[in-house]
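Engineer: Handing over protein.txt, compact mmCIF, C-alpha atoms.
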# COMPACT_ATOMS: atom_id res chain seq x y z
CA MET J 3 103.40 6.01 -21.50
CA ASN J 4 103.64 5.14 -17.83
CA LYS J 5 101.25 7.40 -15.98
CA GLN J 6 102.71 6.53 -12.59
CA SER J 7 106.27 7.55 -13.51
CA THR J 8 107.89 10.49 -11.78
CA LEU J 9 108.49 12.35 -15.01
CA TYR J 10 104.87 12.05 -16.12
CA THR J 11 103.69 13.17 -12.67
CA ILE J 12 105.88 16.25 -12.72
CA VAL J 13 104.87 17.20 -16.25
CA PHE J 14 101.20 16.58 -15.43
CA ILE J 15 101.29 18.73 -12.27
CA PHE J 16 103.13 21.46 -14.15
CA ILE J 17 100.59 21.58 -16.96
CA VAL J 18 97.58 21.44 -14.66
CA SER J 19 98.91 24.12 -12.30
CA PHE J 20 99.96 26.32 -15.17
CA SER J 21 96.60 26.16 -16.93
CA PHE J 22 94.51 26.80 -13.82
CA VAL J 23 96.69 29.65 -12.59
CA PHE J 24 96.66 31.11 -16.09
CA LEU J 25 92.85 31.06 -16.18
CA LEU J 26 92.69 32.60 -12.71
CA SER J 27 95.02 35.43 -13.67
CA MET J 28 92.87 36.13 -16.68
CA THR J 29 89.68 36.26 -14.63
CA ASN J 30 91.39 38.49 -12.12
CA GLN J 31 92.66 40.78 -14.87
CA VAL J 32 89.22 41.07 -16.43
CA THR J 33 87.52 42.05 -13.19
CA ILE J 34 90.26 44.02 -11.48
CA GLU J 35 89.03 47.42 -12.59
CA ARG J 36 85.55 46.70 -11.37
CA VAL J 37 86.80 45.45 -8.01
CA GLU J 38 88.95 48.54 -7.54
CA LEU J 39 86.07 50.80 -8.51
CA ASN J 40 83.85 49.04 -5.95
CA GLN J 41 86.46 49.62 -3.27
CA ILE J 42 86.80 53.29 -4.14
CA ILE J 43 83.04 53.81 -4.13
CA ALA J 44 82.64 51.96 -0.82
CA ARG J 45 85.28 54.24 0.68
CA GLN J 46 83.79 57.44 -0.70
CA ARG J 47 80.39 56.33 0.49
CA ALA J 48 81.71 55.83 4.02
CA VAL J 49 83.40 59.26 4.10
CA LEU J 50 80.18 60.93 2.96
CA ALA J 51 78.06 58.91 5.37
CA SER J 52 80.23 59.99 8.30
CA MET J 53 79.69 63.59 7.20
CA GLY J 54 75.95 63.09 7.34
CA VAL J 55 75.46 63.23 3.55
CA ASP J 56 72.60 61.12 2.19
CA VAL J 57 74.23 58.19 0.38
CA SER J 58 71.15 56.10 -0.27
CA ASP J 59 71.48 56.62 -4.04
CA PRO J 60 74.70 54.88 -5.22
CA GLY J 61 74.65 56.83 -8.47
CA ARG J 62 75.15 60.15 -6.69
CA ILE J 63 78.10 59.12 -4.54
CA GLN J 64 80.84 60.17 -6.93
CA GLU J 65 79.09 63.43 -7.70
CA GLU J 66 78.80 64.23 -4.00
CA PHE J 67 82.38 63.19 -3.39
CA ASP J 68 83.58 65.71 -5.97
CA ARG J 69 82.79 68.34 -3.37
CA VAL J 70 85.12 66.70 -0.84
CA PHE J 71 88.78 67.73 -0.62
CA ALA J 72 90.81 64.70 0.26
CA ASP J 73 94.31 64.11 1.52
CA GLU J 74 94.40 60.33 1.11
CA ASP J 75 97.91 59.95 2.54
CA ALA J 76 96.94 61.49 5.85
CA GLY J 77 93.38 60.13 5.75
CA LEU J 78 91.94 63.63 6.00
CA PHE J 79 88.80 64.86 4.26
CA ALA J 80 87.13 68.26 4.19
CA ARG J 81 83.81 69.21 2.69
CA ARG J 82 82.25 72.61 2.32
CA GLY J 83 78.57 71.84 2.74
CA ASP J 84 75.68 74.15 2.02
CA ASP J 85 75.82 75.79 5.41
CA ARG J 86 78.89 74.47 7.18
CA VAL J 87 82.37 72.98 6.82
CA ILE J 88 82.89 69.38 7.93
CA PHE J 89 86.19 67.61 8.52
CA ALA J 90 86.57 63.83 8.59
CA MET J 91 89.46 61.57 9.46
CA GLU J 92 90.08 57.90 8.90
CA PHE J 93 90.60 55.65 11.92
CA VAL J 94 91.66 52.08 12.63
CA GLY J 95 91.67 50.53 16.06
CA ALA J 96 91.44 47.25 17.91
CA GLY J 97 87.94 45.83 18.29
CA LEU J 98 86.97 42.64 20.09
CA TRP J 99 87.86 40.10 17.38
CA GLY J 100 89.75 42.23 14.91
CA PRO J 101 90.30 45.77 13.70
CA ILE J 102 87.51 48.32 13.48
CA ALA J 103 88.08 50.93 10.79
CA GLY J 104 86.05 53.86 9.56
CA PHE J 105 85.71 57.63 9.51
CA ILE J 106 84.94 60.20 12.19
CA ALA J 107 83.53 63.56 11.11
CA VAL J 108 83.61 66.73 13.19
CA ALA J 109 82.33 70.27 12.70
CA ASP J 110 84.83 73.04 11.95
CA ASP J 111 84.76 74.26 15.58
CA PHE J 112 86.31 70.88 16.50
CA ASP J 113 83.93 70.79 19.49
CA THR J 114 81.02 68.88 17.91
CA MET J 115 80.96 65.49 16.26
CA VAL J 116 79.08 65.26 12.99
CA GLY J 117 79.00 61.50 12.68
CA ILE J 118 80.80 58.19 12.44
CA GLU J 119 80.85 55.44 9.85
CA PHE J 120 82.46 52.01 10.01
CA VAL J 121 84.00 50.41 6.95
CA GLU J 122 85.45 47.33 8.57
CA ASP J 123 84.72 45.36 11.70
CA ASN J 124 84.81 41.76 12.85
CA GLU J 125 82.52 42.15 15.83
CA THR J 126 80.06 39.40 16.79
CA PRO J 127 77.08 39.57 14.41
CA GLY J 128 73.96 40.60 16.28
CA LEU J 129 75.93 41.82 19.32
CA GLY J 130 78.98 43.99 18.68
CA GLY J 131 78.06 43.93 14.99
CA ARG J 132 75.12 46.15 15.86
CA ILE J 133 77.46 49.15 15.83
CA ASN J 134 76.60 49.23 12.12
CA GLU J 135 72.91 49.79 12.81
CA PRO J 136 71.65 53.32 12.16
CA TRP J 137 70.48 53.94 15.75
CA PHE J 138 74.00 53.42 17.05
CA LYS J 139 75.75 55.59 14.47
CA GLU J 140 73.12 58.36 14.58
CA GLN J 141 73.81 58.85 18.29
CA PHE J 142 77.15 60.40 17.42
CA GLN J 143 75.57 63.24 15.46
CA GLY J 144 76.00 66.49 17.40
CA VAL J 145 77.81 64.96 20.36
CA ASN J 146 79.73 67.54 22.36
CA ILE J 147 83.44 66.78 22.24
CA SER J 148 84.74 70.02 23.75
CA GLY J 149 86.04 67.92 26.65
CA GLY J 150 88.05 65.90 24.14
CA ARG J 151 86.43 62.63 25.18
CA ILE J 152 83.22 60.71 24.68
CA ARG J 153 81.72 57.95 26.77
CA VAL J 154 80.08 54.84 25.24
CA SER J 155 78.26 52.99 27.99
CA VAL J 156 75.00 51.34 28.93
CA MET J 157 75.45 52.39 32.54
CA GLU J 158 74.79 56.10 32.15
CA PRO J 159 71.96 57.70 30.20
CA ALA J 160 72.98 59.01 26.79
CA ASP J 161 73.39 62.79 26.68
CA ALA J 162 74.86 64.38 23.57
CA SER J 163 75.67 67.66 25.33
CA ALA J 164 77.76 65.76 27.91
CA GLY J 165 79.48 63.59 25.28
CA ARG J 166 77.69 60.41 26.28
CA VAL J 167 76.18 57.84 23.90
CA ASP J 168 74.54 54.49 24.57
CA GLY J 169 76.63 51.37 24.30
CA VAL J 170 75.33 48.11 22.85
CA THR J 171 73.76 45.81 25.43
CA GLY J 172 75.59 42.49 25.50
CA ALA J 173 78.57 43.97 23.70
CA THR J 174 80.40 45.79 26.47
CA ARG J 175 83.84 45.06 25.08
CA THR J 176 82.89 46.33 21.64
CA SER J 177 81.38 49.45 23.24
CA ASP J 178 84.58 49.98 25.23
CA ALA J 179 86.65 49.48 22.09
CA ILE J 180 84.63 52.11 20.21
CA GLU J 181 85.05 54.50 23.12
CA SER J 182 88.81 54.17 23.23
CA ILE J 183 89.22 54.22 19.44
CA VAL J 184 87.10 57.37 19.10
CA ASN J 185 88.80 59.08 22.02
CA ALA J 186 92.25 58.33 20.66
CA LYS J 187 91.27 59.69 17.25
CA LEU J 188 89.57 62.77 18.70
CA ALA J 189 92.82 63.64 20.46
CA VAL J 190 94.56 63.56 17.08
CA ILE J 191 91.81 65.45 15.26
CA ARG J 192 91.69 68.18 17.90
CA SER J 193 95.46 68.66 18.06
CA ASP J 194 96.78 71.95 16.72
CA GLU J 195 98.80 70.18 14.08
CA THR J 196 95.83 68.35 12.57
CA ARG J 197 93.60 71.45 12.72
CA GLU J 198 96.27 73.22 10.69
CA GLN J 199 96.33 70.35 8.17
CA PHE J 200 92.55 70.47 7.84
CA ARG J 201 92.55 74.23 7.22
CA ASN J 202 95.34 73.91 4.64
CA LEU J 203 93.42 71.13 2.92
CA LEU J 204 90.32 73.29 2.75
CA GLU J 205 92.25 76.25 1.37
CA SER J 206 94.17 74.28 -1.22
CA GLY J 207 90.93 72.67 -2.30
CA GLY J 208 89.24 76.06 -2.29
CA ASP J 209 91.77 77.40 -4.78
CA ALA J 210 91.38 74.47 -7.12
CA MET Q 20 80.22 3.45 -2.69
CA SER Q 21 81.18 1.03 -5.44
CA ASP Q 22 77.70 0.04 -6.54
CA VAL Q 23 75.87 3.36 -6.35
CA ASP Q 24 72.83 3.87 -8.52
CA THR Q 25 73.94 6.38 -11.13
CA ARG Q 26 70.56 7.27 -12.62
CA PRO Q 27 69.97 11.04 -12.32
CA GLY Q 28 66.74 10.62 -10.32
CA ALA Q 29 68.35 8.24 -7.87
CA ILE Q 30 71.30 10.59 -7.40
CA LEU Q 31 68.95 13.47 -6.71
CA LYS Q 32 67.04 11.55 -4.05
CA ASN Q 33 70.23 10.18 -2.57
CA ASN Q 34 71.97 13.53 -2.23
CA LEU Q 35 68.96 15.50 -1.08
CA TRP Q 36 67.61 12.97 1.38
CA THR Q 37 68.83 9.42 1.99
CA ASN Q 38 72.49 10.35 1.92
CA ASN Q 39 72.23 14.07 2.68
CA PRO Q 40 75.74 15.49 3.17
CA ILE Q 41 74.79 17.32 6.36
CA PHE Q 42 72.47 15.13 8.33
CA MET Q 43 73.50 11.70 7.09
CA GLN Q 44 77.18 12.10 6.30
CA VAL Q 45 77.67 14.95 8.81
CA LEU Q 46 80.04 16.78 6.45
CA GLY Q 47 80.51 20.52 5.98
CA ILE Q 48 79.49 21.29 9.55
CA CYS Q 49 81.94 24.17 10.07
CA SER Q 50 80.26 26.37 7.49
CA ALA Q 51 76.85 25.30 8.77
CA LEU Q 52 77.77 27.06 12.00
CA ALA Q 53 79.54 30.05 10.57
CA VAL Q 54 77.33 31.48 7.87
CA THR Q 55 73.79 30.61 8.93
CA ASN Q 56 72.70 33.63 10.93
CA LEU Q 57 71.40 35.59 7.93
CA LEU Q 58 69.45 34.04 5.06
CA THR Q 59 70.94 36.25 2.34
CA ASN Q 60 74.51 35.33 3.28
CA THR Q 61 73.57 31.66 3.57
CA ALA Q 62 71.89 31.68 0.17
CA ILE Q 63 74.90 33.21 -1.60
CA MET Q 64 77.33 30.98 0.26
CA THR Q 65 75.42 27.77 -0.51
CA ILE Q 66 74.94 28.73 -4.16
CA GLY Q 67 78.72 29.18 -4.26
CA VAL Q 68 79.26 25.74 -2.70
CA THR Q 69 76.77 24.15 -5.12
CA LEU Q 70 78.51 25.61 -8.17
CA VAL Q 71 81.96 24.75 -6.88
CA THR Q 72 80.92 21.17 -6.09
CA GLY Q 73 79.30 20.74 -9.49
CA PHE Q 74 82.12 22.15 -11.56
CA SER Q 75 84.96 20.62 -9.59
CA SER Q 76 83.31 17.18 -9.78
CA MET Q 77 82.96 17.66 -13.53
CA THR Q 78 86.58 18.75 -13.92
CA VAL Q 79 87.89 15.91 -11.76
CA SER Q 80 85.89 13.48 -13.88
CA LEU Q 81 87.26 14.97 -17.11
CA LEU Q 82 90.85 14.77 -15.90
CA LYS Q 83 90.61 11.40 -14.15
CA GLY Q 84 92.04 9.48 -17.09
CA PHE Q 85 95.23 11.56 -17.07
CA MET Q 86 95.76 11.78 -13.33
CA PRO Q 87 98.66 9.88 -11.75
CA ARG Q 88 97.28 8.17 -8.64
CA LYS Q 89 99.77 9.51 -6.14
CA VAL Q 90 98.97 13.17 -6.86
CA ARG Q 91 95.22 12.61 -7.18
CA MET Q 92 94.27 14.46 -4.00
CA MET Q 93 96.61 17.37 -4.74
CA VAL Q 94 95.08 17.86 -8.14
CA GLN Q 95 91.57 17.68 -6.69
CA THR Q 96 92.45 20.35 -4.15
CA LEU Q 97 93.91 22.49 -6.91
CA ILE Q 98 90.74 22.18 -8.97
CA ILE Q 99 88.51 23.01 -6.00
CA ALA Q 100 90.68 26.00 -5.05
CA PHE Q 101 90.48 27.22 -8.63
CA TYR Q 102 86.68 27.32 -8.63
CA VAL Q 103 86.51 28.82 -5.15
CA ILE Q 104 88.80 31.68 -6.17
CA ILE Q 105 86.63 32.25 -9.25
CA VAL Q 106 83.55 32.51 -7.01
CA ASP Q 107 85.43 34.89 -4.72
CA ILE Q 108 86.50 37.13 -7.61
CA VAL Q 109 82.99 37.22 -9.07
CA LEU Q 110 81.49 38.15 -5.70
CA LYS Q 111 84.08 40.89 -5.17
CA ALA Q 112 83.38 42.35 -8.60
CA TYR Q 113 79.61 42.09 -8.80
CA LEU Q 114 78.30 41.72 -5.24
CA PRO Q 115 80.79 43.71 -3.13
CA GLU Q 116 78.38 44.11 -0.21
CA ILE Q 117 77.77 40.36 0.14
CA SER Q 118 81.45 39.65 -0.39
CA ARG Q 119 82.21 41.92 2.56
CA ASN Q 120 79.63 40.17 4.75
CA LEU Q 121 80.91 36.70 3.95
CA GLY Q 122 84.51 37.76 4.50
CA PRO Q 123 86.87 34.81 4.81
CA TYR Q 124 84.12 32.18 4.54
CA VAL Q 125 84.13 32.17 0.75
CA GLY Q 126 87.78 31.18 0.73
CA LEU Q 127 87.01 28.53 3.31
CA ILE Q 128 84.67 26.77 0.85
CA ILE Q 129 87.91 25.04 -0.19
CA THR Q 130 87.93 23.19 3.11
CA ASN Q 131 84.32 22.04 2.77
CA CYS Q 132 84.55 18.27 3.02
CA ILE Q 133 81.50 17.74 0.80
CA ILE Q 134 83.34 18.92 -2.31
CA MET Q 135 86.38 16.71 -1.85
CA GLY Q 136 84.08 13.90 -0.73
CA ARG Q 137 82.09 14.00 -3.97
CA ALA Q 138 85.25 14.30 -6.06
CA GLU Q 139 86.75 11.22 -4.40
CA ALA Q 140 83.62 9.12 -4.01
CA PHE Q 141 81.81 9.84 -7.24
CA ALA Q 142 83.61 11.92 -9.88
CA GLN Q 143 86.71 9.75 -9.73
CA SER Q 144 84.76 6.81 -11.16
CA ASN Q 145 81.94 8.37 -13.23
CA GLY Q 146 81.49 10.47 -16.37
CA PRO Q 147 81.65 14.28 -16.40
CA VAL Q 148 77.97 15.07 -16.94
CA ILE Q 149 76.64 12.77 -14.25
CA SER Q 150 79.45 13.94 -11.93
CA PHE Q 151 78.35 17.54 -12.44
CA TRP Q 152 74.79 16.52 -11.58
CA ASP Q 153 75.99 14.63 -8.51
CA GLY Q 154 77.97 17.67 -7.33
CA VAL Q 155 75.09 20.06 -7.88
CA THR Q 156 72.57 17.86 -6.05
CA SER Q 157 74.99 17.38 -3.15
CA GLY Q 158 75.28 21.15 -2.98
CA LEU Q 159 71.51 21.42 -2.99
CA GLY Q 160 71.22 18.92 -0.15
CA TYR Q 161 73.66 21.08 1.80
CA MET Q 162 71.79 24.23 0.84
CA GLY Q 163 68.44 22.84 2.01
CA VAL Q 164 69.66 22.10 5.51
CA LEU Q 165 71.60 25.35 5.85
CA MET Q 166 68.70 27.46 4.64
CA LEU Q 167 66.44 25.74 7.19
CA ILE Q 168 68.87 26.56 10.00
CA ALA Q 169 69.35 30.11 8.74
CA PHE Q 170 65.59 30.59 8.54
CA VAL Q 171 65.17 29.79 12.24
CA ARG Q 172 68.27 31.73 13.28
CA GLU Q 173 67.45 34.91 11.39
CA LEU Q 174 63.78 34.85 12.34
CA LEU Q 175 64.41 34.42 16.06
CA GLY Q 176 67.75 36.20 16.24
CA PHE Q 177 66.86 39.34 14.30
CA GLY Q 178 63.08 39.12 13.74
CA THR Q 179 63.72 39.38 9.99
CA LEU Q 180 63.82 37.15 6.91
CA PHE Q 181 66.18 38.13 4.06
CA GLY Q 182 66.51 41.44 5.92
CA PHE Q 183 62.78 42.22 5.93
CA GLN Q 184 61.14 42.76 9.30
CA ILE Q 185 58.71 39.88 9.88
CA LEU Q 186 58.10 39.79 13.60
CA PRO Q 187 56.57 42.84 15.34
CA GLU Q 188 58.86 45.49 16.84
CA SER Q 189 57.86 44.28 20.31
CA PHE Q 190 59.57 40.93 19.65
CA ILE Q 191 62.73 40.57 21.70
CA PRO Q 192 65.46 38.93 19.55
CA TRP Q 193 67.05 35.79 20.96
CA THR Q 194 70.70 36.64 21.32
CA ILE Q 195 71.62 32.95 21.41
CA MET Q 196 70.39 32.60 17.83
CA VAL Q 197 72.97 34.99 16.39
CA VAL Q 198 75.97 33.34 18.01
CA PRO Q 199 77.41 30.03 16.73
CA PRO Q 200 76.20 27.71 19.57
CA SER Q 201 72.59 28.00 18.38
CA ALA Q 202 73.63 26.42 15.09
CA PHE Q 203 74.91 23.42 17.06
CA PHE Q 204 71.54 23.00 18.77
CA LEU Q 205 69.56 23.46 15.57
CA LEU Q 206 71.84 21.13 13.64
CA GLY Q 207 71.32 18.54 16.37
CA PHE Q 208 67.57 18.86 15.95
CA VAL Q 209 67.85 18.61 12.17
CA ILE Q 210 69.99 15.46 12.36
CA TRP Q 211 67.61 13.99 14.94
CA ALA Q 212 64.53 14.77 12.87
CA GLY Q 213 66.13 13.57 9.66
CA LYS Q 214 67.31 10.27 11.08
CA SER Q 215 64.01 9.62 12.87
CA ALA Q 216 62.06 10.22 9.69
CA MET Q 217 64.36 7.86 7.87
CA ASN Q 218 64.03 5.18 10.51
CA ARG Q 219 60.27 5.30 10.14
CA GLN Q 220 60.67 4.76 6.43
CA GLY Q 221 62.70 1.69 7.27
CA ALA Q 222 65.81 2.92 5.48
CA PRO Q 223 69.15 1.99 7.05
CA ALA Q 224 70.20 4.87 9.28
As structure tokens, please, write out the structure in this file.
Structural biologist:
Amino acid sequence: MNKQSTLYTIVFIFIVSFSFVFLLSMTNQVTIERVELNQIIARQRAVLASMGVDVSDPGRIQEEFDRVFADEDAGLFARRGDDRVIFAMEFVGAGLWGPIAGFIAVADDFDTMVGIEFVEDNETPGLGGRINEPWFKEQFQGVNISGGRIRVSVMEPADASAGRVDGVTGATRTSDAIESIVNAKLAVIRSDETREQFRNLLESGGDA
Amino acid sequence: MSDVDTRPGAILKNNLWTNNPIFMQVLGICSALAVTNLLTNTAIMTIGVTLVTGFSSMTVSLLKGFMPRKVRMMVQTLIIAFYVIIVDIVLKAYLPEISRNLGPYVGLIITNCIIMGRAEAFAQSNGPVISFWDGVTSGLGYMGVLMLIAFVRELLGFGTLFGFQILPESFIPWTIMVVPPSAFFLLGFVIWAGKSAMNRQGAPA
């Protein structure tokens, strides 16, 4: 058989491609459930983290999440904690190199932030990427948002009661991006329409 | 490359040192810049590259008798892509956190010139077992250099090693170390040091 002939080449390529793609599909099929479960857990973990729930033990995440009422289509979450009700909403916005996504949690008076958690970012590691460090995220706990806006800057001292948090030194554009993303989302969260949705979510969940 | 010494020991020495993919052949530089600012990420990435190089060299060697010459490169790329996707799927399923950190770089292993280089230069004309060994040792040569660069970058850029705080809190991290240009400088030093050492040994540089 002539191995350089066109027919042989076509048959060879067909068989090789078919077998490799077949094996890949099988591998994918075998692991798909696990991958999806990982994604769900990562998401639940982020929602809980934004609400200030301790998520250090991966085994407890699903148990804790059972106490959260979720409207996945609208990206809204409500949780009746031991002493207070917390609402969280998903956000996506433009960062420096790519989208920044995560969850913002607020108290049920809609005037105080409870926390923030990022699930996706493409910021520069070590600079803008530091938004994932605990010190940065913890700043958002208890920030006054009654003015409807926050400020993320290195120029003014951080002051939670005035809605100001520290930016990341050397990552001004990431800090600015966080500021505008959070402010845009706060406007949505604090709108009458969304407040209504949150309350409905809590009630419907309360009945269940 | 026609009269290479194919004894396992010689291959090991060749791929780790005298013909190191990074500092002698200057291959695979893109990933040397991209994934070397944290040791953990570098370790996982280079293990991935090592496995992919080993298995794709083996597969290329197994299939070489059936391969029509004109589609040789296409088939090699297909084989490499196959193993890279397997690595990607395994990471997503079992190490989701690392998979998230590495992001697109796992997929970009496909473009790592070392893998194709070994497939073309070695596996195409040698048996499967020795080709596997050649691929793995090439990967290890790559890993050694990248881990060295990552060690310096993480230590000076974050003050940590594998995520553990090593330097005192008072240490001010070097911002330059976490951004890609530092990898250029370090790589330059590594190539310089490697070639100088080899010149002293009298080996052809």
Engineer: Should the cut-off be 6 Å, what would the residue list for chain J against chain Q look like, counting all atoms listed in the file, as a ChimeraX atom specification?
Structural biologist: /J:5-6,36-37,128
Engineer: For the selection just defined, write its residues with C-alpha atoms to a file, as a short mmCIF file (atom, residue, chain, number, x, y, z; two decimals), in the frame of the given file.
Structural biologist:
data_model
loop_
_atom_site.label_atom_id
_atom_site.label_comp_id
_atom_site.auth_asym_id
_atom_site.auth_seq_id
_atom_site.Cartn_x
_atom_site.Cartn_y
_atom_site.Cartn_z
CA LYS J 5 101.25 7.40 -15.98
CA GLN J 6 102.71 6.53 -12.59
CA ARG J 36 85.55 46.70 -11.37
CA VAL J 37 86.80 45.45 -8.01
CA GLY J 128 73.96 40.60 16.28
#
Engineer: Closest to Val209 of chain Q among Q:Leu81, Q:Val45, Q:Leu127, Q:Leu186, using all atoms listed in the file?
Structural biologist: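 Going through Q:Leu81, Q:Val45, Q:Leu127, Q:Leu186 one by one, the smallest distance to Val209 of chain Q is for Q:Val45.
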Engineer: Given the choices J:Ser19, J:Asn124, J:Thr114, J:Gln143, which gets closest to Trp99 of chain J if the distance is worked out from only C-alpha atoms?
Structural biologist: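 Smallest distance to Trp99 of chain J is found for J:Asn124.
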Engineer: Looking at only C-alpha atoms, which of J:Arg175, J:Arg151, J:Arg197, J:Arg45 is the one that sits closest to Leu98 of chain J?
Structural biologist: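 Of J:Arg175, J:Arg151, J:Arg197, J:Arg45, the one nearest Leu98 of chain J is J:Arg175, counting only C-alpha atoms.
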Engineer: Might you pull out every residue within 10 Å of segment 132-140 of chain J, with only C-alpha atoms counted and same-chain residues fewer than 2 positions away left off, and present them as a PyMOL selection string?
Structural biologist: chain J and resi 51-52+54+116-123+125-130+142-145+167-171+173+176-177+180
Engineer: For a quick check of understanding, using all atoms listed in the file, which of J:Val87, J:Ile42, J:Ala103, J:Ala186 has the smallest distance to Phe67 of chain J?
Structural biologist: J:Ile42
Engineer: Counting all atoms listed in the file, which residues have an atom no more than 10 Å from (84.2, 74.0, 4.8) in the file's coordinates? Please list them as number ranges by chain.
Structural biologist: J: 70-71, 80-89, 109-110, 200-201, 203-205, 207-208
